[in-house]
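Step one of this worksheet: look at the structure below.
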Amino acid sequence: MCSGESTMNGAQSRDDESKEDDRDAEANRPLHHQQQKQSTSSKDDEEVAYEAGEKIQVVDFDSVDGGDDSGVPPPFSWKKLWLFTGPGFLMSIAFLDPGNLEGDLQAGAIAGYTLLWLLMWATFMGLLIQLLSARIGVATGRHLAELCREEYPNWARLVLWFMAELALIGADIQEVIGSAIAIQILSRGVFPLWLGVLITASDCFVFLFLENYGVRKLEAAFAVLIATMALSFAWMFADTKPSEKELLTGILLPRLSSKTIRQAVGVVGCVIMPHNVFLHSALVQSRKIDPQKKGRVQEALNYYTIESTVALAVSFMINLFVTTVFAKGFYGTKQADSIGLVNAGQYLEEKYGGGIFPILYIWGIGLLAAGQSSTITGTYAGQFIMGGFLNLRLKKWLRALITRSFAIVPTIVVAIVFNTSEASLDVLNEWLNVLQSMQIPFALIPLLTLVSKEHIMGTFRVGPVLERVAWTIAALIMVINGYLLLDFFLSEVKGLLLGFVVCSCTAAYVAFIAYLVSQSGALPHTWVNRIPKGFSLLQIESTNSYDIKNPENSTANSS
């Protein structure tokens with residue numbers, strides 16, 4: 001009996017050890033692997049970026065056996081790079097939207113060639129943030145909005161969704177009005193601004209039409225629009241013949257004066273578009289990648305890095321063309337301080353005249369391509385943001401129509417109200433820039449928080465060095481945009497009542513940012529422990545989400 005009992009006890013002990021090992025292994029797996037344990041019915045109820053049938057199959061050209069899971073990525077292949085090419089170029093369109101083009105032309109007209117170095121380094125900073133966005137999408141198989149829904153309490157999730165929607169609406173208003181201005185230019189003023197807005201709104205149906213033919217067709221359409229922008233602005237660059245010496249000096253020699261601080265802030269502020277951070281993490285899921293195979297995930301990350309770098313290099317060249325054209329034509333002139341998106345075409349025509357193909361129309365074509373491409377990607381981003389945060393499973397046409405209406409309705413109102421003068425549209429643009437700058441922390445902080453968590457990313461979490469660099473860049477961008485906000489409010493906010501409202505909103509805004517940072521793990525624990533007890537009112541627990549700092553506590557809470 002004793003022998004039997006000891007045998008049974010030994011077997012029980014081995015079973016307990018085996019179960020404990022299984023629990024440890026489960027805890028160390030990335031979030032995506034843990035989610036595969038969920039029931040099929042639960043998965044069917046969840047919103048996904050792409051259905052399985054929509055994803056592009058990445059064929060292994062160099063190996064007959066595609067099931068190797070050694071953790072080593074396969075050799076480089078140009079054919080595979082071509083299959084992975086697409087998401088980065090869609091992401092790069094946010095660097096070329098009408099708001100960015102206006103920032104470029106104003107920087108060139110007011111600061112000349114002196115901010116080209118900042119444009120280059122700002123693009124590098126934007127590239128790093130977008131690569132982190134792609135990393136979290138590939139490694140987890142879920143995009144940023146979905147992860148925010150699962151990782152944050154319900155109240156915080158809804159606030160983040162609201163802020164993302166605000167940023168998207170602000171960007172979309174700029175993009176739609178930019179397209180409407182281009183239509184007005186190309187029609188020689190026959191089409192008023194509000195009619196151009198309605199025409200631009202129809203791109204929602206173009207988007208749906210292209211999406212029905214597959215992801216590659218949609219990516220090809222965007223490639224045509226980017227090529228149109230590149231050719232248009234390169235033509236303008238060749239026509240105006242900017243100084244090569246000053247151009248190289250502007251790129252290689254950092255210069256900044258007190259007179260160009262506002263333009264410098266605008267150049268850096270335009271780099272990070274909040275909705276674009278959410279968008280890129282979803283776009284990379286258009287390729288069929290098995291997150292359980294580390295070698296395949298690393299391979300995808302390698303190809304996406306190459307593709308995104310090339311895409312942002314193209315966007316940098318286009319922004320460079322616009323900045324140098326206006327630096328050559330208007331730097332030091334009386335028009336420099338008054339030039340904007342509305343009157344830029346008129347000033348170009350007065351400066352450079354007609355010719356075989358007037359520069360006014362070249363500018364209009366490039367601006368139209370920028371506006372149309374960015375509004376369609378805005379519709380795309382809106383679907384992912386709404387679907388991810390709210391877990392809505394709607395038909396594509398209905399979801400696109402809802403997200404489009406969120407932006408088009410206020411844009412039509414804005415077009416009618418502000419179409420009284422160029423000055424009023426410039427004021428509107430300043431307010432929209434402020435609106436988007438305010439939303440940047442609510443995209444960057446969740447991204448950097450989640451991408452550094454091992455229980456989410458597994459072995460693909462960022463290392464400590466890259467994490468510090470990313471947080472430094474994020475802090476720099478937020479401080480620069482904070483300067484823009486402070487400068488704007490000091491000049492625009494007048495009156496006791498309005499000042500009180502702004503101060504109250506600012507206090508709530510800063511408190512929420514402090515909450516997000518405290519949950520990120522980026523601050524030393526001694527700092528987090530010193531947060532006032534009253535602030536814990538923000539830390540409302542949710543039974544269906546993880547505790548970001550202590551995931552094991554979430555399991556206990558949910559059980």
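As shown in the structure tokens, the chain order sets the letters A, B, ...; within each chain, residues go from 1, and ligands are also counted from 1 in the order they appear.
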Exercise for the section: Would you kindly return, as number ranges by chain, each protein, DNA or RNA residue with an atom no farther than 12 Å from any atom of Gly170 (chain A), considering only C-alpha atoms and excluding same-chain residues fewer than 2 positions away? Expected result: A: 99, 163-168, 172-177, 273-275, 375, 378, 406-408, 410-411, 414, 428-439
Completion exercise
A straight line from CA of Tyr361 (chain A) to CA of Ile199 (chain A) spans 18.5 Å
I need the residues in region 219-263 of chain A that are alpha helix (DSSP H) according to DSSP; give them as a tab-separated table (two decimals) with N, CA, C and O atoms, in the first residue's frame.
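Okay, this is what ended up in selection_5.tsv:
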```
chain	number	residue	atom	x	y	z
A	219	GLU	N	-3.83	49.07	-53.28
A	219	GLU	CA	-2.46	49.57	-53.13
A	219	GLU	C	-1.93	50.13	-54.44
A	219	GLU	O	-1.19	51.12	-54.46
A	220	ALA	N	-2.31	49.50	-55.56
A	220	ALA	CA	-1.89	50.01	-56.87
A	220	ALA	C	-2.48	51.38	-57.15
A	220	ALA	O	-1.80	52.27	-57.70
A	221	ALA	N	-3.74	51.60	-56.75
A	221	ALA	CA	-4.37	52.90	-56.95
A	221	ALA	C	-3.63	53.98	-56.15
A	221	ALA	O	-3.41	55.10	-56.65
A	222	PHE	N	-3.23	53.66	-54.94
A	222	PHE	CA	-2.48	54.63	-54.14
A	222	PHE	C	-1.10	54.88	-54.73
A	222	PHE	O	-0.57	56.00	-54.65
A	223	ALA	N	-0.50	53.85	-55.30
A	223	ALA	CA	0.80	54.03	-55.95
A	223	ALA	C	0.69	55.04	-57.09
A	223	ALA	O	1.59	55.87	-57.29
A	224	VAL	N	-0.41	54.98	-57.85
A	224	VAL	CA	-0.63	55.94	-58.94
A	224	VAL	C	-0.75	57.36	-58.39
A	224	VAL	O	-0.17	58.31	-58.94
A	225	LEU	N	-1.48	57.53	-57.28
A	225	LEU	CA	-1.65	58.85	-56.69
A	225	LEU	C	-0.33	59.40	-56.16
A	225	LEU	O	-0.02	60.59	-56.32
A	226	ILE	N	0.48	58.53	-55.53
A	226	ILE	CA	1.79	58.98	-55.03
A	226	ILE	C	2.69	59.36	-56.19
A	226	ILE	O	3.42	60.37	-56.14
A	227	ALA	N	2.66	58.57	-57.26
A	227	ALA	CA	3.46	58.88	-58.44
A	227	ALA	C	3.02	60.21	-59.06
A	227	ALA	O	3.86	60.99	-59.54
A	228	THR	N	1.70	60.47	-59.05
A	228	THR	CA	1.19	61.75	-59.57
A	228	THR	C	1.74	62.92	-58.77
A	228	THR	O	2.16	63.94	-59.32
A	229	MET	N	1.72	62.78	-57.43
A	229	MET	CA	2.29	63.82	-56.58
A	229	MET	C	3.77	64.02	-56.87
A	229	MET	O	4.25	65.15	-57.02
A	230	ALA	N	4.51	62.92	-56.94
A	230	ALA	CA	5.95	63.00	-57.16
A	230	ALA	C	6.27	63.69	-58.49
A	230	ALA	O	7.14	64.57	-58.55
A	231	LEU	N	5.56	63.32	-59.55
A	231	LEU	CA	5.82	63.91	-60.86
A	231	LEU	C	5.43	65.39	-60.89
A	231	LEU	O	6.15	66.23	-61.45
A	232	SER	N	4.30	65.73	-60.27
A	232	SER	CA	3.83	67.12	-60.27
A	232	SER	C	4.82	68.03	-59.55
A	232	SER	O	5.25	69.07	-60.08
A	233	PHE	N	5.21	67.65	-58.34
A	233	PHE	CA	6.08	68.52	-57.56
A	233	PHE	C	7.52	68.48	-58.06
A	233	PHE	O	8.26	69.47	-57.92
A	234	ALA	N	7.92	67.35	-58.66
A	234	ALA	CA	9.25	67.30	-59.29
A	234	ALA	C	9.29	68.22	-60.52
A	234	ALA	O	10.31	68.88	-60.79
A	235	TRP	N	8.19	68.29	-61.26
A	235	TRP	CA	8.09	69.20	-62.40
A	235	TRP	C	8.22	70.65	-61.93
A	235	TRP	O	8.94	71.45	-62.53
A	236	MET	N	7.53	70.99	-60.85
A	236	MET	CA	7.63	72.33	-60.29
A	236	MET	C	9.07	72.62	-59.84
A	236	MET	O	9.60	73.72	-60.05
A	237	PHE	N	9.71	71.63	-59.24
A	237	PHE	CA	11.09	71.78	-58.79
A	237	PHE	C	12.01	72.05	-59.98
A	237	PHE	O	12.89	72.93	-59.92
A	238	ALA	N	11.81	71.31	-61.08
A	238	ALA	CA	12.64	71.50	-62.27
A	238	ALA	C	12.37	72.86	-62.92
A	238	ALA	O	13.29	73.51	-63.44
A	239	ASP	N	11.11	73.30	-62.88
A	239	ASP	CA	10.75	74.59	-63.48
A	239	ASP	C	11.36	75.77	-62.74
A	239	ASP	O	11.84	76.74	-63.35
A	240	THR	N	11.33	75.70	-61.41
A	240	THR	CA	11.77	76.85	-60.61
A	240	THR	C	13.27	76.87	-60.38
A	240	THR	O	13.83	77.92	-60.03
A	244	GLU	N	21.03	74.58	-55.77
A	244	GLU	CA	21.53	73.29	-55.29
A	244	GLU	C	22.44	73.47	-54.07
A	244	GLU	O	22.41	72.66	-53.13
A	245	LYS	N	23.25	74.51	-54.08
A	245	LYS	CA	24.16	74.76	-52.97
A	245	LYS	C	23.38	75.03	-51.68
A	245	LYS	O	23.68	74.46	-50.63
A	246	GLU	N	22.39	75.90	-51.76
A	246	GLU	CA	21.60	76.22	-50.57
A	246	GLU	C	20.78	75.02	-50.11
A	246	GLU	O	20.54	74.83	-48.91
A	247	LEU	N	20.34	74.20	-51.06
A	247	LEU	CA	19.58	73.01	-50.73
A	247	LEU	C	20.45	72.05	-49.90
A	247	LEU	O	20.02	71.57	-48.84
A	248	LEU	N	21.67	71.77	-50.37
A	248	LEU	CA	22.56	70.86	-49.65
A	248	LEU	C	22.96	71.44	-48.29
A	248	LEU	O	23.03	70.72	-47.29
A	249	THR	N	23.19	72.74	-48.27
A	249	THR	CA	23.54	73.39	-47.00
A	249	THR	C	22.39	73.29	-46.01
A	249	THR	O	22.59	73.03	-44.81
A	250	GLY	N	21.17	73.47	-46.51
A	250	GLY	CA	20.00	73.39	-45.64
A	250	GLY	C	19.81	72.00	-45.05
A	250	GLY	O	19.34	71.87	-43.92
A	251	ILE	N	20.17	70.95	-45.81
A	251	ILE	CA	20.02	69.58	-45.32
A	251	ILE	C	21.12	69.21	-44.33
A	251	ILE	O	20.86	68.56	-43.30
A	252	LEU	N	22.35	69.63	-44.61
A	252	LEU	CA	23.51	69.19	-43.83
A	252	LEU	C	23.84	70.09	-42.65
A	252	LEU	O	24.47	69.64	-41.69
A	261	ILE	N	10.94	79.76	-35.36
A	261	ILE	CA	10.57	78.76	-34.36
A	261	ILE	C	9.20	78.16	-34.68
A	261	ILE	O	9.01	76.94	-34.63
A	262	ARG	N	8.24	79.00	-35.03
A	262	ARG	CA	6.89	78.51	-35.29
A	262	ARG	C	6.86	77.55	-36.47
A	262	ARG	O	6.18	76.52	-36.43
A	263	GLN	N	7.62	77.86	-37.52
A	263	GLN	CA	7.68	76.97	-38.69
A	263	GLN	C	8.38	75.65	-38.33
A	263	GLN	O	7.99	74.58	-38.80
```
Practice task
Do a neighbour search on Thr140 (chain A) at 12 Å with only C-alpha atoms, toss out local chain neighbours closer than 2 positions, and write the hits as number ranges by chain.
Solution key: A: 29-36, 133-138, 142-144, 146-147, 281-282, 284-285, 289-294, 297, 450-451, 453-461
Handout entry: Who sits within 10 Å of Tyr483 (chain A), only C-alpha atoms, same chain under 6 positions skipped, as a ChimeraX atom specification
Key = /A:262,265,477,489
Handout entry: Shell around Asp337 (chain A) at 9 Å using only C-alpha atoms, local window under 2 positions removed, as a list of chain:residue names
Key =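 Once the nearby chain positions are removed, what remains is A:Gln106, A:Ala109, A:Ile110, A:Thr333, A:Lys334, A:Gln335, A:Ile339, A:Gly340.
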Problem - Among the residues A:Leu367, A:Leu447, A:Val206, A:Ile440, the one that comes closest to His280 (chain A) [using only C-alpha atoms] - result: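 Under the stated criterion, the closest residue is A:Leu447.
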Exercise for the section: Using only C-alpha atoms, pick whichever of A:Phe330, A:Phe488, A:Tyr347, A:Phe384 has the shortest atom-to-atom distance to Val427 (chain A). Expected result: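 Going through A:Phe330, A:Phe488, A:Tyr347, A:Phe384 one by one, the smallest distance to Val427 (chain A) is for A:Phe488.
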Handout entry: Selected residue of minimal separation from Pro74 (chain A) among A:Pro153, A:Gly86, A:Gly495, A:Gly295, counting only C-alpha atoms
Key =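 Of A:Pro153, A:Gly86, A:Gly495, A:Gly295, the one nearest Pro74 (chain A), counting only C-alpha atoms, is A:Gly295.
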Exercise for the section: Using only C-alpha atoms, find the one residue out of A:Gly382, A:Pro464, A:Gly388, A:Gly345 that sits nearest to Ile185 (chain A). Expected result: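 Ranking A:Gly382, A:Pro464, A:Gly388, A:Gly345 by distance to Ile185 (chain A), first place goes to A:Gly345.
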Exercise for the section: May I ask for the distance between CA of Val267 (chain A) and CA of Asp104 (chain A), given in Å to one decimal place? Expected result: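 Separation of CA of Val267 (chain A) and CA of Asp104 (chain A): 7.2 Å.
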Exercise for the section: Please measure the separation of CA of Phe500 (chain A) and CA of Ala514 (chain A), giving the value in Å to one decimal. Expected result: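 Distance reported for this atom pair: 21.1 Å.
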